[in-house]
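Novice: Structure provided below as C-alpha cells; questions to follow.
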2 protein chains.
Amino acid sequence: MTGESPKEQRADARRNRERILAVARGVVHEQGTEASLRDIARRAEVGLGTLYRHFPTREALLEALLRQGFDRLAGRAEALGESGEPYEALVEFLRELIGGAGAYRGLAGSMMATISDEQSPLHASCMAMRSAAGRLLERAQAEGRIREDIDGTDLFALANALSWITDQAPSLGSRRDHLFGLVMDGLTRDPE
Amino acid sequence: MTGESPKEQRADARRNRERILAVARGVVHEQGTEASLRDIARRAEVGLGTLYRHFPTREALLEALLRQGFDRLAGRAEALGESGEPYEALVEFLRELIGGAGAYRGLAGSMMATISDEQSPLHASCMAMRSAAGRLLERAQAEGRIREDIDGTDLFALANALSWITDQAPSLGSRRDHLFGLVMDGLTRDPE
DNA sequence: ACCTGAACACCGTTCAAGT
DNA sequence: ACCTGAACACCGTTCAAGT
C-alpha cells in the first residue's frame, strides 16, 4: 500500500486550520453566520485561499464551528432519554436546543434552511438533532402527555422559530420563555 | 406664501418612481427582500442614483411596495372587529397576516427586525398591524377564549415566526396550517 | 502539499457633473 | 428639479504562481 495517511497534515496546515477556527468563532459570535469570510481570513493572518482550502463553503466552516455544540446536545438527548419523566425530559431538551440555536445570530436560519438541502454539511447534524428530538417526543407521546399529530420535524421547526424571534428582535428576549410555554401548551394533549 | 406644492412632481420623476416600483415588485417577488437594488434600477432602465433619490433606503422601497397590502390588512382587521365571533375573527386575521408575511421571502424578518427599530419606515405599518391584532386579541380574551397572559406583540411575533418557517424551508409549507393550529391551541384558555 | 494574493464579477452608497 | 454613471469601499470565489 501507498504511504498515504490522511490524518497526517503538514504542521503549518494544521496550525492554520486551528487559527481560522479560533478566529471564526469570535467573528461569527460578533457578526452572526453571515460574517465576512475575508474578514476572518484577515484576522487569522491567513491568505484568503487558505480559508477556502480548509473550508470550501461557508457552511463547512459553520459545521466545524458547531460540531462540538451539536455533539453535546446529542449527548444530552441520550441522557435525557433515560429519564423516568419523558415529558419533562422533552421540555428540557427543547429548552437547551432553543438556547443553542440562539448562540449565533442567523444560526436558526441555517438550521432550517438545511432541512431541504441534503448537500449541506450541516444536514447530518440537523438530522441527528431531529432524530434525537423525535425519540424524546415519542416517549412523551406514549406517556400521553403530547398530542399524536406532531413529529420531530414540527418540533424542530417550532424550536428554531422561537430562537429566530429573539434573533431578529432582541428586545423580545424577555418573552422567550413565555412564548416557549405557550407553544408547549399547544403541544400537550387536549383534554378530551 | 411661496408657490411650493409638494404634490407636483415633474412628469419624468413621477414616471420613474412608478417604473421602479413596478419592477421592484417583480424582482422582490423573485429574489426576496434582499434583492439587488442595482438589478432593480437596471431592469427599470433608470440610473442607480435615481432609485436612491426616490427611495433612500431599502426599507423605504419595501415600505412603498408593501403599503397597499398593509392597508388592506388593516381594513380587514377593522371589518373583523365588527364580527360577532371574536375568536373566529382573530383566527381569521392571523391566518391572513401569516399569508401576507409569506408574500415575499424575507418579509417576516423585516417585520420582526422593525419592532426594535423606530427609525424604520416600516415601523408605522408594523405598529398599526400590532394594534389591529391587539384589538382583536382583547375581544377574544374578554370572551374568555384566549389566555390573558398574551399581548399583541407576542401574537405578532408568533405569526411572523410561522411565516418564517416556510420562508426558510418551503418543504414545510404543507405543515403550516397544522403548526398554526398547534400554536392557536396553546393560546386558548387552559381548562381550569 | 500547501499557501498566497491578484483577478473577476458582483454589491451598496455617494456625489460631481450634466440637463 | 431631477437624472446619470463613475468612483469608492466592500463582498465571495477562483486559480496561476510560488514554496
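Scheme for the C-alpha cells: letters A, B, ... for chains in order shown; per-chain residue numbers from 1; ligand numbers from 1 in order shown.
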List the spatial neighbours of B:Leu90 as a ChimeraX atom specification - criterion: any atom at most 9 Å away, only C-alpha atoms (C1' of nucleotides), same-chain residues fewer than 4 positions off excluded.
Specialist: /B:77,80-81,85-86,94-95,133,136-137,139-140
Novice: Keeping only N, CA, C and O atoms, take the residues you just selected and write them out as a short mmCIF file (atom, residue, chain, number, x, y, z; two decimals), in the first residue's frame.
Specialist:
data_model
loop_
_atom_site.label_atom_id
_atom_site.label_comp_id
_atom_site.auth_asym_id
_atom_site.auth_seq_id
_atom_site.Cartn_x
_atom_site.Cartn_y
_atom_site.Cartn_z
N ALA B 77 -58.82 43.91 9.53
CA ALA B 77 -58.90 43.88 11.00
C ALA B 77 -60.10 44.71 11.46
O ALA B 77 -60.86 44.29 12.34
N LEU B 80 -63.23 42.76 10.67
CA LEU B 80 -63.37 41.59 11.53
C LEU B 80 -63.70 42.01 12.97
O LEU B 80 -64.26 41.23 13.74
N GLY B 81 -63.34 43.23 13.32
CA GLY B 81 -63.65 43.74 14.65
C GLY B 81 -65.14 43.90 14.87
O GLY B 81 -65.61 43.98 16.01
N GLU B 85 -68.21 37.03 16.38
CA GLU B 85 -67.45 35.89 16.90
C GLU B 85 -65.98 36.26 17.05
O GLU B 85 -65.17 35.99 16.17
N PRO B 86 -65.64 36.87 18.18
CA PRO B 86 -64.30 37.41 18.38
C PRO B 86 -63.18 36.40 18.15
O PRO B 86 -62.17 36.73 17.52
N LEU B 94 -55.25 36.42 11.85
CA LEU B 94 -53.89 35.87 11.97
C LEU B 94 -53.56 35.04 10.74
O LEU B 94 -52.43 35.09 10.23
N ARG B 95 -54.54 34.29 10.28
CA ARG B 95 -54.33 33.48 9.08
C ARG B 95 -53.93 34.37 7.90
O ARG B 95 -53.01 34.06 7.15
N ALA B 133 -54.12 43.77 15.59
CA ALA B 133 -54.15 42.43 16.18
C ALA B 133 -54.51 42.53 17.66
O ALA B 133 -55.27 41.71 18.18
N LEU B 136 -58.30 42.88 18.25
CA LEU B 136 -59.00 41.61 18.04
C LEU B 136 -58.68 40.63 19.18
O LEU B 136 -59.55 39.87 19.62
N LEU B 137 -57.42 40.69 19.62
CA LEU B 137 -56.99 39.82 20.72
C LEU B 137 -57.78 40.12 21.99
O LEU B 137 -58.31 39.20 22.65
N ARG B 139 -60.67 41.43 22.41
CA ARG B 139 -62.07 40.97 22.33
C ARG B 139 -62.16 39.47 22.61
O ARG B 139 -63.06 39.00 23.31
N ALA B 140 -61.23 38.73 22.01
CA ALA B 140 -61.26 37.28 22.21
C ALA B 140 -60.93 36.92 23.66
O ALA B 140 -61.45 35.95 24.21
#
Novice: Could you make a table, as a tab-separated table, of the residues of chain C that have an atom within 10 Å of an atom of stretch 7-17 of chain D, each with its nearest atom pair and distance in Å to one decimal, counting only C-alpha atoms (C1' of nucleotides), in chain and number order?
Specialist:
residue	atom	partner	partner_atom	distance
C:DT4	C1'	D:DA17	C1'	8.8
C:DG5	C1'	D:DA17	C1'	9.9
C:DA6	C1'	D:DA16	C1'	9.6
C:DA7	C1'	D:DT14	C1'	8.8
C:DC8	C1'	D:DT14	C1'	8.6
C:DA9	C1'	D:DT13	C1'	9.5
C:DC10	C1'	D:DC11	C1'	7.7
C:DC11	C1'	D:DC11	C1'	6.4
C:DG12	C1'	D:DC10	C1'	8.6
C:DT13	C1'	D:DC8	C1'	8.9
C:DT14	C1'	D:DC8	C1'	8.6
C:DC15	C1'	D:DA7	C1'	9.1
Novice: Rounded to one decimal, what separation in Å do you get between atom CA of B:Arg189 and atom CA of B:Asp154?
Specialist: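 Distance between the two atoms: 15.4 Å.
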Novice: Could you check how far atom CA of A:Met111 sits from atom CA of A:Ala161, in Å to one decimal?
Specialist: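 These two atoms are separated by 10.3 Å.
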Novice: Point out the residue among B:Gly49, B:Pro56, B:Gly181, B:Gly152 with the least atom-to-atom distance to chain A, counting only C-alpha atoms.
Specialist: B:Gly181
Novice: Within 9 Å of chain D, which residues of chain A are there when counting only C-alpha atoms (C1' of nucleotides)? Please give them as a ChimeraX atom specification.
Specialist: /A:36-38,49,52
Novice: Between atom CA of A:Leu158 and atom CA of B:Ile150, measure the distance and give it in Å to one decimal.
Specialist: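 Interatomic distance, atom CA of A:Leu158 to atom CA of B:Ile150: 18.1 Å.
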Novice: Kindly provide, as a PDB file with C-alpha atoms, in the first residue's frame, the residues of chain A having any atom no farther than 7 Å from an atom of chain B, counting only C-alpha atoms.
Specialist:
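Result saved to selection-v1.pdb:
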ATOM      1  CA  GLY A 109     -31.981  30.186   9.856  1.00  0.00           C
ATOM      2  CA  MET A 112     -33.970  25.486   8.978  1.00  0.00           C
ATOM      3  CA  ALA A 113     -32.556  26.059   5.512  1.00  0.00           C
ATOM      4  CA  ILE A 115     -33.735  20.755   6.215  1.00  0.00           C
ATOM      5  CA  SER A 116     -34.390  20.995   2.490  1.00  0.00           C
ATOM      6  CA  ALA A 157     -39.170  23.874  13.251  1.00  0.00           C
ATOM      7  CA  ALA A 161     -38.735  29.609  15.070  1.00  0.00           C
ATOM      8  CA  ILE A 165     -37.766  35.559  17.216  1.00  0.00           C
ATOM      9  CA  GLN A 168     -34.462  39.235  14.959  1.00  0.00           C
ATOM     10  CA  ALA A 169     -35.820  41.272  17.843  1.00  0.00           C
ATOM     11  CA  SER A 171     -35.955  43.234  22.741  1.00  0.00           C
ATOM     12  CA  LEU A 182     -47.374  28.896  25.090  1.00  0.00           C
ATOM     13  CA  VAL A 183     -46.131  26.646  22.326  1.00  0.00           C
ATOM     14  CA  MET A 184     -45.612  23.748  24.707  1.00  0.00           C
ATOM     15  CA  ASP A 185     -49.175  24.125  25.934  1.00  0.00           C
ATOM     16  CA  GLY A 186     -50.280  23.804  22.330  1.00  0.00           C
ATOM     17  CA  LEU A 187     -48.406  20.528  22.073  1.00  0.00           C
TER      18      LEU A 187
END
Novice: Using backbone DSSP assignments, extract all helix (DSSP H, G or I) residues from stretch 18-152 of chain B; output them as a VMD selection string.
Specialist: chain B and resid 18 to 31 37 to 43 48 to 54 58 to 80 86 to 101 107 to 116 123 to 142 152
